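Q: data_28.txt is reproduced in full below (compact mmCIF, C-alpha atoms).
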# COMPACT_ATOMS: atom_id res chain seq x y z
CA MET A 1 2.16 13.87 19.12
CA THR A 2 4.42 10.87 19.68
CA LEU A 3 6.90 9.55 17.10
CA TYR A 4 8.30 6.05 17.51
CA GLU A 5 11.57 6.04 15.64
CA LEU A 6 14.99 4.56 15.15
CA GLN A 7 17.71 6.68 13.63
CA PRO A 8 19.12 6.30 11.04
CA THR A 9 16.33 4.63 9.17
CA ARG A 10 13.32 5.67 7.14
CA SER A 11 12.03 7.06 10.48
CA ALA A 12 14.17 10.08 9.64
CA ARG A 13 11.56 11.16 7.09
CA ALA A 14 8.98 11.68 9.82
CA ARG A 15 11.52 13.43 12.05
CA TRP A 16 12.55 15.84 9.27
CA THR A 17 8.91 16.59 8.43
CA LEU A 18 8.14 17.41 12.06
CA LEU A 19 11.23 19.63 12.28
CA GLU A 20 10.37 21.50 9.06
CA LEU A 21 6.83 22.08 10.32
CA GLY A 22 8.03 23.14 13.75
CA VAL A 23 5.64 20.71 15.40
CA PRO A 24 6.65 19.72 18.94
CA PHE A 25 6.69 15.96 19.48
CA GLU A 26 7.69 13.29 21.94
CA SER A 27 10.27 10.86 20.60
CA ILE A 28 10.30 7.22 21.64
CA ALA A 29 13.56 6.05 20.07
CA GLY A 30 15.96 3.17 19.97
CA ARG A 31 16.12 -0.55 19.29
CA GLU A 32 14.14 -1.36 22.42
CA VAL A 33 11.10 0.31 20.83
CA PHE A 34 10.58 -2.79 18.68
CA GLU A 35 9.62 -4.76 21.82
CA MET A 36 7.14 -2.20 23.17
CA PRO A 37 3.47 -3.27 23.33
CA GLU A 38 2.51 0.32 22.52
CA LEU A 39 4.30 0.03 19.17
CA ALA A 40 2.44 -3.21 18.40
CA GLN A 41 -0.80 -1.32 19.09
CA ILE A 42 0.07 1.06 16.26
CA HIS A 43 1.87 -1.12 13.70
CA PRO A 44 0.66 -4.71 13.43
CA LEU A 45 4.20 -5.81 12.50
CA SER A 46 5.88 -3.53 15.09
CA LYS A 47 7.81 -1.58 12.47
CA LEU A 48 9.11 1.98 12.59
CA PRO A 49 8.30 4.77 12.13
CA ALA A 50 4.93 4.87 13.88
CA LEU A 51 2.94 7.88 14.99
CA ARG A 52 0.31 8.56 17.61
CA ASP A 53 -1.47 11.86 17.03
CA GLY A 54 -4.07 12.75 19.65
CA GLY A 55 -4.68 9.08 20.31
CA ARG A 56 -4.91 8.08 16.65
CA PRO A 57 -2.35 5.53 15.41
CA LEU A 58 -0.69 5.76 11.98
CA PHE A 59 2.12 3.83 10.31
CA GLU A 60 4.17 3.87 7.08
CA SER A 61 6.52 6.83 6.62
CA ALA A 62 4.68 8.02 3.49
CA ALA A 63 1.36 8.23 5.33
CA ILE A 64 2.88 9.85 8.41
CA CYS A 65 4.71 12.52 6.38
CA ASN A 66 1.65 13.28 4.22
CA TRP A 67 -0.61 13.50 7.28
CA LEU A 68 1.75 15.86 9.10
CA ALA A 69 2.21 18.13 6.08
CA ASP A 70 -1.51 18.11 5.27
CA SER A 71 -2.29 19.05 8.89
CA HIS A 72 -0.18 22.19 8.45
CA PRO A 73 -1.05 23.42 4.97
CA GLU A 74 0.20 26.92 5.83
CA ALA A 75 3.77 25.56 5.70
CA GLY A 76 3.37 24.75 2.00
CA LEU A 77 5.35 21.53 2.30
CA LEU A 78 2.81 19.48 0.29
CA ALA A 79 0.24 20.55 -2.29
CA PRO A 80 -3.39 19.62 -1.50
CA SER A 81 -5.33 16.82 -3.18
CA GLY A 82 -6.71 17.67 -6.59
CA THR A 83 -3.60 19.57 -7.72
CA TRP A 84 -1.14 18.31 -10.30
CA ALA A 85 1.71 18.89 -7.83
CA ARG A 86 0.05 16.38 -5.47
CA ALA A 87 -0.24 13.87 -8.30
CA LEU A 88 3.48 14.23 -8.99
CA HIS A 89 4.24 13.83 -5.28
CA ASP A 90 2.22 10.62 -5.20
CA GLN A 91 4.01 9.45 -8.35
CA TRP A 92 7.49 9.87 -6.89
CA VAL A 93 6.49 8.38 -3.53
CA ALA A 94 5.13 5.23 -5.19
CA PHE A 95 8.10 5.06 -7.57
CA THR A 96 10.48 5.35 -4.61
CA LEU A 97 8.79 2.51 -2.74
CA SER A 98 8.37 0.21 -5.76
CA GLU A 99 11.42 0.83 -7.90
CA ILE A 100 14.12 1.80 -5.39
CA GLU A 101 13.43 0.90 -1.77
CA ALA A 102 11.84 -2.46 -2.48
CA PHE A 103 15.22 -3.61 -3.79
CA LEU A 104 17.43 -1.79 -1.25
CA TRP A 105 15.32 -3.28 1.52
CA HIS A 106 15.34 -6.77 -0.03
CA THR A 107 19.12 -6.69 0.11
CA ALA A 108 19.11 -5.30 3.66
CA ARG A 109 16.82 -8.15 4.72
CA ASN A 110 19.28 -10.66 3.28
CA MET A 111 22.20 -8.88 4.89
CA PHE A 112 20.90 -8.02 8.39
CA ILE A 113 17.30 -8.93 9.05
CA LEU A 114 16.57 -12.55 8.16
CA PRO A 115 18.01 -15.38 10.29
CA GLU A 116 21.53 -16.13 9.05
CA ASP A 117 20.64 -19.51 7.57
CA GLU A 118 17.86 -17.92 5.46
CA ARG A 119 19.97 -15.14 3.94
CA LEU A 120 20.62 -15.31 0.21
CA PRO A 121 23.55 -13.11 -0.84
CA ALA A 122 23.10 -14.36 -4.42
CA VAL A 123 20.21 -11.90 -4.71
CA PHE A 124 22.38 -8.82 -4.14
CA PRO A 125 23.47 -8.22 -7.77
CA GLN A 126 19.93 -8.28 -9.22
CA ASN A 127 18.66 -6.05 -6.40
CA GLU A 128 21.49 -3.59 -6.94
CA ALA A 129 20.85 -3.47 -10.69
CA ALA A 130 17.14 -2.83 -10.12
CA ALA A 131 17.70 -0.15 -7.47
CA LYS A 132 20.28 1.55 -9.68
CA ARG A 133 17.80 1.62 -12.54
CA GLY A 134 15.35 3.45 -10.29
CA LEU A 135 18.02 5.82 -8.99
CA ALA A 136 19.07 6.58 -12.58
CA VAL A 137 15.51 7.74 -13.30
CA LEU A 138 15.82 10.24 -10.45
CA ASP A 139 19.24 11.29 -11.73
CA ALA A 140 17.83 12.02 -15.19
CA HIS A 141 14.85 13.88 -13.72
CA LEU A 142 17.21 16.04 -11.64
CA LYS A 143 19.44 16.95 -14.57
CA ASP A 144 17.62 20.25 -15.11
CA ARG A 145 16.02 20.62 -11.67
CA ASP A 146 17.11 21.27 -8.11
CA TRP A 147 14.04 19.62 -6.54
CA LEU A 148 11.64 16.90 -7.65
CA VAL A 149 8.33 18.79 -7.95
CA ASP A 150 7.62 22.37 -9.08
CA ASP A 151 11.30 23.30 -8.72
CA ARG A 152 11.08 24.00 -5.00
CA PHE A 153 11.91 21.98 -1.91
CA SER A 154 8.87 19.99 -0.74
CA LEU A 155 7.80 16.87 1.11
CA THR A 156 8.59 14.89 -2.04
CA ASP A 157 12.27 15.69 -1.45
CA ILE A 158 12.05 14.67 2.20
CA PHE A 159 10.47 11.38 1.16
CA THR A 160 12.28 10.39 -2.02
CA GLY A 161 15.46 12.12 -0.85
CA TYR A 162 15.91 9.49 1.83
CA ALA A 163 16.05 6.76 -0.81
CA ALA A 164 18.48 8.91 -2.82
CA CYS A 165 20.75 9.17 0.23
CA TRP A 166 20.41 5.45 0.89
CA GLY A 167 21.54 4.75 -2.67
CA VAL A 168 24.50 7.11 -2.34
CA TRP A 169 25.52 5.53 0.97
CA GLN A 170 25.43 2.11 -0.69
CA GLY A 171 27.86 3.34 -3.35
CA MET A 172 25.29 3.09 -6.13
CA ALA A 173 25.45 6.70 -7.33
CA GLU A 174 29.05 7.02 -8.47
CA ASP A 175 27.96 7.51 -12.09
CA LEU A 176 24.86 9.53 -11.16
CA PRO A 177 26.18 13.11 -10.77
CA HIS A 178 22.78 14.83 -10.61
CA LEU A 179 21.59 12.50 -7.87
CA THR A 180 24.81 13.01 -5.96
CA ALA A 181 24.47 16.79 -6.19
CA TYR A 182 20.83 16.49 -5.09
CA VAL A 183 21.84 14.57 -1.97
CA GLU A 184 24.38 17.31 -1.20
CA ARG A 185 21.63 19.92 -1.57
CA LEU A 186 19.41 17.96 0.82
CA GLN A 187 22.19 17.56 3.38
CA ALA A 188 22.98 21.28 3.19
CA ARG A 189 19.53 22.13 4.51
CA PRO A 190 19.80 23.08 8.18
CA LEU A 191 17.19 20.64 9.51
CA CYS A 192 18.15 17.63 7.34
CA PRO A 193 18.81 14.56 9.49
CA TYR A 194 20.17 12.44 6.60
CA HIS A 195 23.92 12.27 7.19
CA GLN A 196 26.48 9.76 6.17
CA ASP A 197 28.17 9.73 9.57
CA VAL A 198 25.41 7.50 10.89
CA PRO A 199 25.29 3.75 10.14
CA ALA A 200 22.74 4.01 7.37
CA ALA A 201 23.43 0.49 6.21
CA VAL A 202 21.28 -0.82 9.06
CA PRO A 203 17.75 0.28 8.21
CA ALA A 204 14.89 -1.14 10.26
CA MET B 205 -7.70 10.88 -21.21
CA THR B 206 -5.55 8.01 -22.42
CA LEU B 207 -4.71 4.95 -20.33
CA TYR B 208 -1.81 2.73 -21.36
CA GLU B 209 -2.53 -0.64 -19.86
CA LEU B 210 -2.03 -4.37 -19.94
CA GLN B 211 -4.67 -6.63 -18.44
CA PRO B 212 -4.45 -8.41 -16.10
CA THR B 213 -1.86 -6.46 -14.19
CA ARG B 214 -1.79 -3.61 -11.73
CA SER B 215 -3.08 -1.54 -14.68
CA ALA B 216 -6.49 -2.88 -13.66
CA ARG B 217 -6.52 -0.46 -10.72
CA ALA B 218 -6.56 2.51 -13.07
CA ARG B 219 -9.19 0.87 -15.28
CA TRP B 220 -11.50 0.15 -12.32
CA THR B 221 -11.08 3.71 -11.01
CA LEU B 222 -12.03 5.16 -14.39
CA LEU B 223 -15.04 2.84 -14.63
CA GLU B 224 -16.25 3.71 -11.10
CA LEU B 225 -15.92 7.41 -11.88
CA GLY B 226 -17.64 7.03 -15.24
CA VAL B 227 -14.81 8.89 -16.97
CA PRO B 228 -14.53 8.15 -20.69
CA PHE B 229 -11.03 7.18 -21.75
CA GLU B 230 -9.02 5.86 -24.64
CA SER B 231 -7.28 2.56 -23.93
CA ILE B 232 -3.93 1.70 -25.46
CA ALA B 233 -3.56 -1.93 -24.42
CA GLY B 234 -1.48 -5.00 -25.00
CA ARG B 235 2.08 -6.26 -24.85
CA GLU B 236 3.09 -4.14 -27.83
CA VAL B 237 2.53 -1.02 -25.70
CA PHE B 238 5.86 -1.65 -23.98
CA GLU B 239 7.66 -0.83 -27.23
CA MET B 240 5.80 2.42 -27.95
CA PRO B 241 7.81 5.65 -27.88
CA GLU B 242 4.75 7.42 -26.49
CA LEU B 243 4.89 5.16 -23.41
CA ALA B 244 8.58 5.97 -22.92
CA GLN B 245 7.63 9.65 -23.00
CA ILE B 246 5.41 9.07 -19.96
CA HIS B 247 7.25 6.42 -17.94
CA PRO B 248 11.06 6.57 -18.04
CA LEU B 249 11.18 2.76 -17.64
CA SER B 250 8.27 2.14 -20.06
CA LYS B 251 6.14 0.46 -17.41
CA LEU B 252 2.37 0.18 -17.17
CA PRO B 253 -0.03 1.65 -16.24
CA ALA B 254 0.66 5.13 -17.59
CA LEU B 255 -1.77 7.98 -18.07
CA ARG B 256 -1.96 11.03 -20.27
CA ASP B 257 -4.54 13.52 -19.05
CA GLY B 258 -4.95 16.60 -21.21
CA GLY B 259 -1.34 16.30 -22.32
CA ARG B 260 0.08 15.75 -18.84
CA PRO B 261 1.92 12.45 -18.25
CA LEU B 262 1.59 10.45 -15.02
CA PHE B 263 2.83 7.03 -13.94
CA GLU B 264 2.53 4.63 -10.96
CA SER B 265 -0.90 3.12 -10.34
CA ALA B 266 -1.19 4.75 -6.89
CA ALA B 267 -0.64 8.24 -8.32
CA ILE B 268 -2.94 7.65 -11.30
CA CYS B 269 -5.79 6.34 -9.12
CA ASN B 270 -5.42 9.15 -6.56
CA TRP B 271 -5.32 11.79 -9.31
CA LEU B 272 -8.42 10.43 -11.02
CA ALA B 273 -10.40 10.18 -7.78
CA ASP B 274 -9.24 13.61 -6.59
CA SER B 275 -10.28 15.10 -9.94
CA HIS B 276 -13.85 13.87 -9.31
CA PRO B 277 -14.41 14.55 -5.60
CA GLU B 278 -18.19 14.41 -6.07
CA ALA B 279 -17.90 10.63 -6.53
CA GLY B 280 -16.63 10.27 -2.94
CA LEU B 281 -14.14 7.57 -3.92
CA LEU B 282 -11.24 9.15 -1.96
CA ALA B 283 -11.27 11.54 1.01
CA PRO B 284 -9.43 14.86 0.47
CA SER B 285 -6.04 15.71 1.95
CA GLY B 286 -6.10 16.78 5.57
CA THR B 287 -8.68 14.17 6.62
CA TRP B 288 -7.91 11.13 8.73
CA ALA B 289 -9.52 8.92 6.08
CA ARG B 290 -6.92 10.16 3.57
CA ALA B 291 -4.13 9.36 6.05
CA LEU B 292 -5.45 5.81 6.39
CA HIS B 293 -5.68 5.51 2.60
CA ASP B 294 -2.05 6.59 2.29
CA GLN B 295 -1.12 4.12 5.03
CA TRP B 296 -2.67 1.12 3.29
CA VAL B 297 -1.31 2.15 -0.12
CA ALA B 298 2.26 2.37 1.21
CA PHE B 299 1.83 -0.85 3.22
CA THR B 300 0.57 -2.62 0.10
CA LEU B 301 3.56 -1.50 -1.95
CA SER B 302 6.19 -2.15 0.74
CA GLU B 303 4.95 -5.19 2.61
CA ILE B 304 3.01 -7.15 -0.01
CA GLU B 305 3.67 -6.22 -3.63
CA ALA B 306 7.42 -5.70 -3.22
CA PHE B 307 7.68 -9.42 -2.46
CA LEU B 308 5.06 -10.70 -4.93
CA TRP B 309 6.78 -8.68 -7.64
CA HIS B 310 10.26 -9.85 -6.61
CA THR B 311 9.11 -13.42 -7.13
CA ALA B 312 7.42 -12.54 -10.43
CA ARG B 313 10.67 -10.97 -11.65
CA ASN B 314 12.51 -14.18 -10.83
CA MET B 315 9.81 -16.27 -12.48
CA PHE B 316 8.99 -14.32 -15.66
CA ILE B 317 10.81 -11.04 -16.06
CA LEU B 318 14.57 -11.43 -15.62
CA PRO B 319 16.62 -13.26 -18.27
CA GLU B 320 16.47 -16.97 -17.50
CA ASP B 321 20.11 -17.25 -16.43
CA GLU B 322 19.60 -14.48 -13.84
CA ARG B 323 16.52 -15.94 -12.19
CA LEU B 324 16.90 -17.13 -8.60
CA PRO B 325 14.08 -19.49 -7.56
CA ALA B 326 15.77 -19.88 -4.16
CA VAL B 327 14.29 -16.52 -3.24
CA PHE B 328 10.66 -17.68 -3.59
CA PRO B 329 10.16 -19.06 -0.04
CA GLN B 330 11.37 -15.93 1.74
CA ASN B 331 9.32 -13.71 -0.58
CA GLU B 332 6.22 -15.82 0.00
CA ALA B 333 6.69 -15.71 3.77
CA ALA B 334 7.07 -11.93 3.69
CA ALA B 335 4.08 -11.37 1.40
CA LYS B 336 1.95 -13.69 3.54
CA ARG B 337 2.89 -11.70 6.64
CA GLY B 338 1.60 -8.57 4.93
CA LEU B 339 -1.55 -10.30 3.69
CA ALA B 340 -2.19 -11.59 7.22
CA VAL B 341 -2.21 -7.98 8.46
CA LEU B 342 -5.00 -7.22 5.98
CA ASP B 343 -6.83 -10.38 7.03
CA ALA B 344 -6.75 -9.32 10.68
CA HIS B 345 -7.84 -5.78 9.80
CA LEU B 346 -10.78 -7.15 7.81
CA LYS B 347 -11.97 -9.45 10.60
CA ASP B 348 -14.56 -6.91 11.77
CA ARG B 349 -14.82 -4.80 8.62
CA ASP B 350 -16.13 -5.18 5.08
CA TRP B 351 -13.85 -2.47 3.63
CA LEU B 352 -10.46 -1.07 4.58
CA VAL B 353 -11.28 2.55 5.49
CA ASP B 354 -14.38 4.02 7.18
CA ASP B 355 -16.34 0.82 6.55
CA ARG B 356 -17.35 1.74 3.04
CA PHE B 357 -15.97 0.84 -0.38
CA SER B 358 -13.35 3.37 -1.50
CA LEU B 359 -10.26 3.81 -3.64
CA THR B 360 -8.27 2.09 -0.91
CA ASP B 361 -10.13 -1.12 -1.76
CA ILE B 362 -9.48 -0.68 -5.47
CA PHE B 363 -5.78 -0.19 -4.75
CA THR B 364 -5.03 -2.62 -1.94
CA GLY B 365 -7.70 -5.02 -3.18
CA TYR B 366 -5.60 -5.79 -6.24
CA ALA B 367 -2.77 -7.03 -4.03
CA ALA B 368 -5.28 -9.05 -2.01
CA CYS B 369 -6.49 -10.72 -5.22
CA TRP B 370 -2.93 -11.31 -6.35
CA GLY B 371 -2.20 -13.06 -3.05
CA VAL B 372 -5.33 -15.20 -3.36
CA TRP B 373 -4.45 -16.12 -6.96
CA GLN B 374 -1.00 -17.19 -5.79
CA GLY B 375 -2.58 -19.54 -3.25
CA MET B 376 -1.32 -17.55 -0.28
CA ALA B 377 -4.66 -16.90 1.40
CA GLU B 378 -5.88 -20.39 2.18
CA ASP B 379 -5.65 -19.75 5.92
CA LEU B 380 -6.80 -16.12 5.62
CA PRO B 381 -10.62 -16.35 5.60
CA HIS B 382 -11.32 -12.64 6.05
CA LEU B 383 -9.04 -11.74 3.15
CA THR B 384 -10.65 -14.43 0.99
CA ALA B 385 -14.13 -13.11 1.79
CA TYR B 386 -12.92 -9.57 1.04
CA VAL B 387 -11.71 -10.61 -2.41
CA GLU B 388 -15.12 -12.19 -3.05
CA ARG B 389 -16.81 -8.93 -2.03
CA LEU B 390 -14.55 -7.00 -4.43
CA GLN B 391 -15.22 -9.39 -7.30
CA ALA B 392 -18.99 -9.20 -6.67
CA ARG B 393 -18.96 -5.49 -7.47
CA PRO B 394 -20.34 -4.98 -10.99
CA LEU B 395 -17.41 -2.95 -12.36
CA CYS B 396 -14.59 -4.98 -10.76
CA PRO B 397 -12.07 -6.13 -13.38
CA TYR B 398 -10.12 -8.39 -10.97
CA HIS B 399 -11.07 -11.92 -11.97
CA GLN B 400 -9.27 -15.19 -11.62
CA ASP B 401 -10.07 -16.32 -15.13
CA VAL B 402 -7.31 -14.10 -16.45
CA PRO B 403 -3.62 -15.09 -16.25
CA ALA B 404 -2.85 -13.00 -13.20
CA ALA B 405 0.46 -14.74 -12.65
CA VAL B 406 2.01 -12.63 -15.39
CA PRO B 407 2.05 -9.09 -14.01
CA ALA B 408 3.97 -6.46 -15.91
Here is a file; write its structure as structure tokens.
A:
Amino acid sequence: MTLYELQPTRSARARWTLLELGVPFESIAGREVFEMPELAQIHPLSKLPALRDGGRPLFESAAICNWLADSHPEAGLLAPSGTWARALHDQWVAFTLSEIEAFLWHTARNMFILPEDERLPAVFPQNEAAAKRGLAVLDAHLKDRDWLVDDRFSLTDIFTGYAACWGVWQGMAEDLPHLTAYVERLQARPLCPYHQDVPAAVPA
Amino acid sequence: MTLYELQPTRSARARWTLLELGVPFESIAGREVFEMPELAQIHPLSKLPALRDGGRPLFESAAICNWLADSHPEAGLLAPSGTWARALHDQWVAFTLSEIEAFLWHTARNMFILPEDERLPAVFPQNEAAAKRGLAVLDAHLKDRDWLVDDRFSLTDIFTGYAACWGVWQGMAEDLPHLTAYVERLQARPLCPYHQDVPAAVPA
């Protein structure tokens, strides 16, 4: 099991999942990973995280986390297909990608990723408003709950929790007390790698 | 089973899944759906599609399609959790949301959705370049394959195929022959609701 990763980025979801499952893995980490031919053999756009499991390549943090949790059902980190809990997991994963991270990442691209002469800071306010609207949905959902699905910690929290942390780090959660408390609960877990003392504003 | 939908939009994924499975459903359709309190009770942002299945509310097209297919495993539309085929499905779903639709939708927001004085047409070229990069990954993957996973039609094609059609409709696939042929294969299927004669440029 080999994880190609760069911390702190969405790679941390795969790392946390592996740690929770107690699965040993080799880590290929750092900015130089982006130039490695072996990464390009996994992810056609050479993005992170990427996984090689017994020779099989997989990309996208959602797919990697689901695959790892599904391969170790005894850990109970993710409900199997055909259950309502799995449907809710899929709902929050898709919501996180579409309604929160799409906008956080669009801003990051225009802040760090695109060539300087192509960056468009004018897009920041609309992206922030959209991301905040998504984060506010999580905040409302967490008003009466500690965790997103079935009131217990699960892979959904590892996945969506990263976007919640990202929003908090970007200063978007000041009027979202339930989301802020949720991030504190996540960070209090012993294996959580989502911490503000790392430069989270530079996702890759 | 009640589907809240607006055609032609990403709602069509849920419709096609229901048709393939032969599941009877009530359709609540049209622009007026956005104002219905019963939609707000399902989706906190009143977006479509939304599903009510035996009283239980679910949103996000990826979650709705997975839930429907997983509820009818005998149809073989989606491999169960713990299989490599499911991991690849999850991979292409997340890739579609993050690397293609995030950018198509960002442009749509700035073309149709945001108040006119907040729209930023300057963002169109970078969004188009990013979406095309994602579509080109699909094109390359489809060079030697008819379908995305395990070389047979599956829910992955219903899901990711909508984004492929969207890209074709936006004129982004002129130099992507394998993607163009894939869209034609999708549209040749008898139950496919993805057709260019509907105003696909107005997703909701």
Q: Neighbouring residues of Gln170 in chain A were defined as those with any atom within 10 Å, considering all atoms listed in the file; residues of the same chain fewer than 2 positions away were excluded. Please report them as a PyMOL selection string.
A: chain A and resi 104+128+164-168+172-174+200-201
Q: Restrict the selected residues to C-alpha atoms and save them as a PDB file, in the coordinates of the input.
A:
ATOM      1  CA  LEU A 104      17.430  -1.790  -1.250  1.00  0.00           C
ATOM      2  CA  GLU A 128      21.490  -3.590  -6.940  1.00  0.00           C
ATOM      3  CA  ALA A 164      18.480   8.910  -2.820  1.00  0.00           C
ATOM      4  CA  CYS A 165      20.750   9.170   0.230  1.00  0.00           C
ATOM      5  CA  TRP A 166      20.410   5.450   0.890  1.00  0.00           C
ATOM      6  CA  GLY A 167      21.540   4.750  -2.670  1.00  0.00           C
ATOM      7  CA  VAL A 168      24.500   7.110  -2.340  1.00  0.00           C
ATOM      8  CA  MET A 172      25.290   3.090  -6.130  1.00  0.00           C
ATOM      9  CA  ALA A 173      25.450   6.700  -7.330  1.00  0.00           C
ATOM     10  CA  GLU A 174      29.050   7.020  -8.470  1.00  0.00           C
ATOM     11  CA  ALA A 200      22.740   4.010   7.370  1.00  0.00           C
ATOM     12  CA  ALA A 201      23.430   0.490   6.210  1.00  0.00           C
TER      13      ALA A 201
END
Q: Within 12 Å of His399 in chain B, counting all atoms listed in the file, which residues show up once you throw out same-chain ones fewer than 2 positions away? Write them as a tab-separated table (two decimals) with C-alpha atoms, keeping the file's coordinate frame, please.
A:
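File produced: out.tsv:
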chain	number	residue	atom	x	y	z
B	211	GLN	CA	-4.67	-6.63	-18.44
B	212	PRO	CA	-4.45	-8.41	-16.10
B	213	THR	CA	-1.86	-6.46	-14.19
B	216	ALA	CA	-6.49	-2.88	-13.66
B	365	GLY	CA	-7.70	-5.02	-3.18
B	366	TYR	CA	-5.60	-5.79	-6.24
B	368	ALA	CA	-5.28	-9.05	-2.01
B	369	CYS	CA	-6.49	-10.72	-5.22
B	370	TRP	CA	-2.93	-11.31	-6.35
B	372	VAL	CA	-5.33	-15.20	-3.36
B	373	TRP	CA	-4.45	-16.12	-6.96
B	387	VAL	CA	-11.71	-10.61	-2.41
B	388	GLU	CA	-15.12	-12.19	-3.05
B	389	ARG	CA	-16.81	-8.93	-2.03
B	390	LEU	CA	-14.55	-7.00	-4.43
B	391	GLN	CA	-15.22	-9.39	-7.30
B	392	ALA	CA	-18.99	-9.20	-6.67
B	393	ARG	CA	-18.96	-5.49	-7.47
B	394	PRO	CA	-20.34	-4.98	-10.99
B	395	LEU	CA	-17.41	-2.95	-12.36
B	396	CYS	CA	-14.59	-4.98	-10.76
B	397	PRO	CA	-12.07	-6.13	-13.38
B	401	ASP	CA	-10.07	-16.32	-15.13
B	402	VAL	CA	-7.31	-14.10	-16.45
B	403	PRO	CA	-3.62	-15.09	-16.25
B	404	ALA	CA	-2.85	-13.00	-13.20
B	405	ALA	CA	0.46	-14.74	-12.65
Q: Give me, please, the distance in Å between CA of Thr384 in chain B and CA of Ala326 in chain B, quoted to one decimal.
A: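 CA of Ala326 in chain B lies 27.5 Å from CA of Thr384 in chain B.
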Q: B:Ala385, B:Ile232, B:Leu324, B:Leu262: which is nearest Ala87 in chain A, counting only C-alpha atoms?
A: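 Using only C-alpha atoms, Ala87 in chain A sits closest to B:Leu262.
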Q: Work out how far apart CA of Gly76 in chain A and CA of Ala62 in chain A are and give it in Å to one decimal.
A: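 Here the two named atoms are 16.8 Å from each other.
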Q: Calculated over all atoms listed in the file, which of the candidates B:Thr360, B:Ser285, B:Ser215, B:Gln245 has the smallest distance to chain A?
A: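 When distances to chain A are compared using all atoms listed in the file, the smallest one comes from B:Ser285.
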Q: Go through A:Ser71, A:Ser98, A:Thr17, A:Thr2 and flag the residue nearest Leu39 in chain A, using only C-alpha atoms for the distances.
A: A:Thr2
Q: Could you tell me which of B:Gln295, B:Asn270, B:Ser358, B:Thr300 comes closest to Pro49 in chain A if we count all atoms listed in the file?
A: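 When distances to Pro49 in chain A are compared using all atoms listed in the file, the smallest one comes from B:Gln295.
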Q: Residues of chain B within 7 Å of chain A, counting all atoms listed in the file - could you list those as a list in words?
A: Pro248, Phe263, Glu264, Ala266, Ala267, Trp271, Asp274, Ser275, Pro284, Ser285, Gly286, Ala291, Asp294, Gln295, Ala298, Phe299, Leu301, Ser302, Ala306 and Val341 of chain B
Q: Limited to C-alpha atoms, could you put the picked residues into a file as a PDB file, in the coordinates of the input?
A:
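This went into out02.pdb:
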ATOM      1  CA  PRO B 248      11.060   6.570 -18.040  1.00  0.00           C
ATOM      2  CA  PHE B 263       2.830   7.030 -13.940  1.00  0.00           C
ATOM      3  CA  GLU B 264       2.530   4.630 -10.960  1.00  0.00           C
ATOM      4  CA  ALA B 266      -1.190   4.750  -6.890  1.00  0.00           C
ATOM      5  CA  ALA B 267      -0.640   8.240  -8.320  1.00  0.00           C
ATOM      6  CA  TRP B 271      -5.320  11.790  -9.310  1.00  0.00           C
ATOM      7  CA  ASP B 274      -9.240  13.610  -6.590  1.00  0.00           C
ATOM      8  CA  SER B 275     -10.280  15.100  -9.940  1.00  0.00           C
ATOM      9  CA  PRO B 284      -9.430  14.860   0.470  1.00  0.00           C
ATOM     10  CA  SER B 285      -6.040  15.710   1.950  1.00  0.00           C
ATOM     11  CA  GLY B 286      -6.100  16.780   5.570  1.00  0.00           C
ATOM     12  CA  ALA B 291      -4.130   9.360   6.050  1.00  0.00           C
ATOM     13  CA  ASP B 294      -2.050   6.590   2.290  1.00  0.00           C
ATOM     14  CA  GLN B 295      -1.120   4.120   5.030  1.00  0.00           C
ATOM     15  CA  ALA B 298       2.260   2.370   1.210  1.00  0.00           C
ATOM     16  CA  PHE B 299       1.830  -0.850   3.220  1.00  0.00           C
ATOM     17  CA  LEU B 301       3.560  -1.500  -1.950  1.00  0.00           C
ATOM     18  CA  SER B 302       6.190  -2.150   0.740  1.00  0.00           C
ATOM     19  CA  ALA B 306       7.420  -5.700  -3.220  1.00  0.00           C
ATOM     20  CA  VAL B 341      -2.210  -7.980   8.460  1.00  0.00           C
TER      21      VAL B 341
END
Q: When you draw a straight line from CA of Lys47 in chain A to CA of Arg31 in chain A, how long is it in Å?
A: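 About the pair CA of Lys47 in chain A and CA of Arg31 in chain A: they are 10.8 Å apart.
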Q: Grab all the atoms of range 220-224 of chain B that the file lists, wrap them in a box along x, y and z, add 8 Å per side, and give me centre plus edge lengths in Å (one decimal) as JSON.
A:
{"center_x": -13.7, "center_y": 2.7, "center_z": -12.8, "size_x": 21.2, "size_y": 21.0, "size_z": 19.6}
Q: For Pro228 in chain B, work out the shell of residues within 12 Å, counting all atoms listed in the file and skipping chain neighbours fewer than 3 positions away, then give it as a compact mmCIF listing (two decimals) with C-alpha atoms, in the frame of the given file.
A:
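Listed below is the output, part.txt:
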# COMPACT_ATOMS: atom_id res chain seq x y z
CA MET B 205 -7.70 10.88 -21.21
CA THR B 206 -5.55 8.01 -22.42
CA LEU B 207 -4.71 4.95 -20.33
CA ARG B 219 -9.19 0.87 -15.28
CA TRP B 220 -11.50 0.15 -12.32
CA THR B 221 -11.08 3.71 -11.01
CA LEU B 222 -12.03 5.16 -14.39
CA LEU B 223 -15.04 2.84 -14.63
CA GLU B 224 -16.25 3.71 -11.10
CA LEU B 225 -15.92 7.41 -11.88
CA SER B 231 -7.28 2.56 -23.93
CA ASP B 257 -4.54 13.52 -19.05
CA LEU B 272 -8.42 10.43 -11.02
Q: Could you tell me which of A:Lys143, A:Arg10, A:Arg152, A:Lys132 comes closest to Leu48 in chain A if we count only C-alpha atoms?
A: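 Smallest distance to Leu48 in chain A is found for A:Arg10.
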Q: For each of A:Ile158, A:Ile113, A:Ala108, A:Leu148, take the minimum atom-to-atom distance to Tyr194 in chain A, counting only C-alpha atoms, then give the residue where this is smallest.
A: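 Nearest candidate to Tyr194 in chain A out of A:Ile158, A:Ile113, A:Ala108, A:Leu148: A:Ile158.
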